[in-house]
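Enquirer: Just dropping this structure here.
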Amino acid sequence: MNPFSSGTRLRDMIRAIRACKTAAEERAVVRKECASIRAAVSDNDNDYRHRNLAKLMFIHMLGYPTHFGQMECLKLIAAPGFPEKRIGYLGLMLLLDERQEVLMLVTNSLKQDLNHTNQYIVGLALCALGNICSAEMARDLAPEVERLLQFRDPNVRKKAALCSIRIVKKVPDLVENFVNPVASLLKEKHHGVLLTAMQLCADLCILSEEALEYFKKRCTEGLVKVLKDAVNSPYAPEYDISGIADPFLQIRLLRLLRILGHGDADASDCMNDVLAQVATKTESNKNAGNAILYECVETILSIEDSGGLRVLAINILGRFLSNRDNNIRYVALNMLMKAISVDGQAVQRHRATILECVKDSDASIRKRALELVYLLVNESNVKPLTKELIDYLEVSDQDFKGDLTARICSIVEKLSPDKLWYIDQMLKVLCEAGNYVKDEVWHALIVVITNASNLHGYTVRSLYRAIQTSVDQEAVVRVAVWCIGEYGDLLMNNTGMLDLEEPITVTESDAVDVIELAIKRHTSDLTTRAMCLIALLKLSSRFPSSSQRIKDIVTQSKGSLLLELQQRSIEFDSIIEKHQNLRAALVERMPVLDEATYSGRRSGSVPAAVSTSQGNALHLPNGVAKMADAPLLDLLDLSVDEPAAPNSSGGNFLQDLLGADISSSSSQSGKIQAQKSGTDVLLDLLSTGSAPAQNGSSTPDIFSISQDNKTSISALDSLSSPMVPPVQASPITGGSPMDLLDGFGPNPPVPKDNGPAHPPIVAFESSSLKIIFNFSKEPESPQTTLIEANFTNKSSEVYTDFIFQAAVPKFLQLHLEPASGNTLPSSSSGSITQKLRVTNNQHGKKSIMMRIRISYKLNGKDMLEEGQISNIPRDL
């Protein structure tokens with residue numbers, strides 16, 4: 001006989017395929033077998049049709065195409081015998097799916113088999129229908145399936161219930177047809193029928209609110225009785241697993257009761273007693289018992305329940321945490337995270353056990369326990385929990401330090417009771433895992449340090465000690481270098497000693513040694529070395545006797561391969577050697593940084609740059625103001641008839657409307673910079689066009705300086721704290737605009753003539769506010785108009801937190817100076833003034849126009865007024 005004829009048995013074909021040594025041989029065997037099956041299909045071979053279809057199913061499982069044999073399934077299904085139908089239905093489920101059009105041809109055969117007198121054939125049809133039926137088939141055959149839910153044989157009822165699940169999912173409109181039959185099935189004694197009926201009932205409750213209410217009222221008590229009988233039932237060999245009576249039935253009952261009791265107090269009260277019995281009587285030394293307890297706990301936490309039962313459930317989870325099985329501990333940690341929102345106080349009782357899980361050898365349990373500890377921390381336990389976590393940080397695995405450090409820093413920042421504790425804990429974290437913290441963490445620490453003026457001496461001394469032992473932690477080095485540069489004089493004099501610290505003796509040479517060691521360390525990156533150079537420049541002013549040594553250290557970086565360090569070294573050397581009169585003002589101590597603004601920027605609640613009347617605009621490192629999600633977005637609907645630049649984007653359009661044309665050439669940016677009073681020397685010194693970061697470092701633009709016209713504070717301070725927004729200070733006096741390396745002229749700048757006067761106009765007036773614009777011009781710059789805005793309150797109430805904002809089209813550039821105040825007196829008894837500088841690139845062709853927004857508080861309530869100003873004469 002031909003080894004690949006249609007008469008060969010399935011086992012012979014399998015043996016031939018397994019004997020193949022290469023994929024090519026296997027393909028050859030399959031190809032020959034498929035050819036013989038095609039020949040048998042063409043000859044309508046009835047004797048071996050079931051054998052050929054069995055071979056096709058095996059070939060299909062190997063991944064070869066078998067579409068040519070799909071019709072053979074239908075022929076076998078239509079055969080009268082059970083063996084042929086069994087192979088036909090098996091092939092139907094394996095070779096076809098609901099998307100095949102040929103499946104519609106089998107609907108009639110399925111209907112006949114569902115009404116067959118042989119229960120086994122009925123079971124085959126139900127099994128096939130439950131696996132591959134489409135929506136059309138479900139509608140056609142739903143009445144037959146519904147009838148079979150009451151069939152005499154329990155196996156058929158079970159299969160009918162499973163088939164009904166697919167039917168109601170495919171056609172949710174048929175839910176109401178199955179509600180009453182399912183309610184009767186829930187009273188069955190046969191456990192197999194009960195299991196399938198409860199699964200069908202759960203799906204009906206999810207699909208229909210009406211079905212859910214029906215089962216709550218009619219079936220809750222019956223299900224509670226079934227569960228009680230299962231818990232208290234005697235030993236039954238048929239259902240016993242590890243000494244527990246049918247755990248599968250109990251778990252399914254608990255899941256259904258969870259659905260019925262959720263949000264329903266009456267149904268929850270009905271099942272409280274039985275849930276307490278399950279929780280107390282189920283043995284936890286077997287896996288089946290733990291599965292039941294887990295489902296019981298989830299049900300207790302999901303229903304409307306009393307506090308006592310919830311405490312019992314959380315105590316069960318606490319016992320799970322002591323189990324040796326990692327899977328049980330993991331699911332217990334997951335469930336406890338959900339339980340915190342239900343009863344956080346009960347979860348707190350297991351805090352010690354949860355902390356032990358943080359130290360577990362399994363990485364998944366460690367991470368999940370750490371997330372749970374993070375949720376457990378509050379104001380009352382933040383100190384002991386943080387101490388435990390920091391203690392573990394010292395011995396934790398390297399792979400886990402990153403996650404653990406991030407969580408500790410987040411806890412400390414969010415819940416620190418005072419700044420002293422915050423600084424102490426952050427220093428401990430930085431000393432243990434400074435290389436694992438993100439830049440935002442030590443940035444935030446510097447912001448807090450600047451705000452804690454009474455702790456400056458304590459902090460700089462603590463950092464001096466820390467850097468001696470943790471010089472390999474980059475974050476510690478950066479913060480210590482920054483603080484020594486700022487508060488080095490406090491380090492020398494033991495200023496601001498606290499009772500808890502011991503005095504130390506530090507000389508100027510010791511402080512310089514620390515920074516010299518940090519800048520020469522081969523592992524220090526560009527940011528650290530740049531901060532060291534800034535700290536040395538500041539110490540040259542604070543430690544005059546060490547000025548020459550500091551100059552020698554700074555000079556060593558002149559030949560650095562990193563262009564940025566080379567540039568800094570040259571500029572700082574020039575300051576130390578030639579410009580002592582400028583150095584003291586340039587390196588004065590950083591002002592207090594706005595902690596709230598920085599926190600808002602980190603959380604995303606404060607926009608990146610908003611020009612306001614308070615002058616606290618945030619700026620990009622290159623000094624150009626940029627808006628991102630600013631509250632002026634809805635002010636920017638002015639029509640601009642100029643064509644947009646080819647490379648303009650939505651972001652540039654916003655910036656242009658705010659008076660910052662970032663697409664302008666370098667000569668234009670130089671002109672903008674030249675307009676800032678008293679800052680030309682600083683701009684020339686800081687070389688705003690600094691070189692890009694080298695060595696792949698993510699160093700921010702350290703030579704950035706704000707374009708604010710009042711900025712004269714040492715922009716060098718932004719080197720050591722790149723995340724700090726620009727801060728205003730009094731302008732430097734006595735210096736004329738001249739290149740730094742050529743010295744300064746002694747003569748003060750000559751005031752400019754503001755040109756002819758222009759009549760004032762009422763720019764905006766409402767029932768409560770009045771704005772008057774007074775104009776002046778600069779003769780040498782006809783495009784620039786100086787506006788003094790005068791705000792008057794016409795109402796009888798005082799306005800507080802007064803802020804003026806403005807947006808202009810892209811052919812205008814606008815700069816707002818700080819307002820004279822933020823409180824506007826009532827009844828026109830006083831006013832607020834604010835100066836604006838507007839540059840009109842279309843002077844003489846287009847008038848100045850702007851949209852304005854004024855916000856203030858009236859009796860603690862936020863108020864807002866908006867308007868458009870377009871009545872400014874064209875000659876301005």
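Residues are referred to by chain and number: the chain letter is A, B, ... according to the order shown in the structure tokens, the number counts from 1 in that chain, and ligands are numbered separately from 1 in the order shown.
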Residues of stretch 346-570 of chain A classed as helix (DSSP H, G or I) by DSSP on the backbone are to be reported as a ChimeraX atom specification.
Expert: /A:346-348,351-358,363-376,382-393,398-415,419-436,439-451,453-469,474-493,508-520,526-542,544-559,563-570
Enquirer: Using only C-alpha atoms, determine which residues lie at most 9 Å from stretch 363-372 of chain A, disregarding the query and same-chain residues fewer than 6 positions distant; provide the list as an MDAnalysis selection string.
Expert: chainID A and resid 326:327 329:330 333:334 336:337 340 354:357 400 403:404 407
Enquirer: Would you list, as a PyMOL selection string, the residues of stretch 141-383 of chain A that end up in strand (DSSP E or B) under DSSP run on this structure's backbone?
Expert: chain A and resi 240-241+244-245
Enquirer: Using C-alpha atoms, can you write the selected residues to a file as a short mmCIF file (atom, residue, chain, number, x, y, z; two decimals), in the first residue's frame?
Expert:
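Output below, filename result28.cif:
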data_model
loop_
_atom_site.label_atom_id
_atom_site.label_comp_id
_atom_site.auth_asym_id
_atom_site.auth_seq_id
_atom_site.Cartn_x
_atom_site.Cartn_y
_atom_site.Cartn_z
CA ASP A 240 -13.05 16.45 48.51
CA ILE A 241 -9.72 18.18 47.80
CA ILE A 244 -12.00 20.72 51.80
CA ALA A 245 -15.38 20.10 50.22
#
Enquirer: Residues within 8 Å of A:Thr555, please, as an MDAnalysis selection string. Count only C-alpha atoms; anything in the same chain fewer than 3 positions from it doesn't count.
Expert: chainID A and resid 551:552 558 569:570 573
Enquirer: Filtering to N, CA and C atoms, could you give me those residues as a CSV table (one decimal), in the first residue's frame?
Expert:
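Printed below is part.csv as written:
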chain,number,residue,atom,x,y,z
A,551,LYS,N,42.9,81.0,42.4
A,551,LYS,CA,43.2,81.3,41.1
A,551,LYS,C,44.0,80.3,40.4
A,552,ASP,N,45.0,79.7,41.1
A,552,ASP,CA,45.8,78.7,40.5
A,552,ASP,C,45.0,77.4,40.1
A,558,LYS,N,42.1,75.8,32.2
A,558,LYS,CA,42.2,76.5,31.0
A,558,LYS,C,42.5,75.6,29.8
A,569,SER,N,36.8,78.7,33.0
A,569,SER,CA,38.1,78.9,33.7
A,569,SER,C,38.7,80.3,33.2
A,570,ILE,N,38.7,80.5,31.9
A,570,ILE,CA,39.2,81.8,31.4
A,570,ILE,C,38.5,83.0,31.9
A,573,ASP,N,39.0,83.3,35.8
A,573,ASP,CA,40.4,83.8,36.1
A,573,ASP,C,40.5,85.3,35.8
Enquirer: So, counting only C-alpha atoms, which residue among A:Asn774, A:Leu824, A:Leu769, A:Val373 is closest to A:Arg853?
Expert: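 Of A:Asn774, A:Leu824, A:Leu769, A:Val373, the one nearest A:Arg853 is A:Leu769, counting only C-alpha atoms.
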Enquirer: Can you work out the spacing between atom CA of A:Pro154 and atom CA of A:Asp229 in Å, to one decimal?
Expert: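 Between atom CA of A:Pro154 and atom CA of A:Asp229 the gap is 20.5 Å.
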Enquirer: For A:Asp397, which residue out of A:Glu440, A:Glu413, A:Asp43, A:Asp360 is the nearest one, using only C-alpha atoms?
Expert: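 So, comparing all the options, the nearest one is A:Asp360.
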Enquirer: Looking at A:Ser396, A:Glu577, A:Pro809, A:Tyr799, which one is nearest to A:Ser828, with distances taken over only C-alpha atoms?
Expert: A:Tyr799
Enquirer: Calculate how many Å separate atom CA of A:Thr833 from atom CA of A:Met590, rounding to one decimal.
Expert: 28.6 Å
Enquirer: Could you name the residues that touch A:Leu10 at 12 Å or less, counting only C-alpha atoms, but leaving out those on the same chain fewer than 4 positions away, as a list in words?
Expert: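 Near A:Leu10, the qualifying residues are Pro3, Phe4, Ser5, Ser6, Ile14, Arg15, Ala16, Ile17, Glu33, Tyr48, His50, Arg51, Asn52, Leu53, Ala54, Lys55, Leu56, Met57, Phe58 and Ile59 of chain A.
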Enquirer: One decimal, Å: what's the distance from atom CA of A:Leu565 over to atom CA of A:Leu536, could you say?
Expert: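 Pair atom CA of A:Leu565 / atom CA of A:Leu536 returns 13.1 Å.
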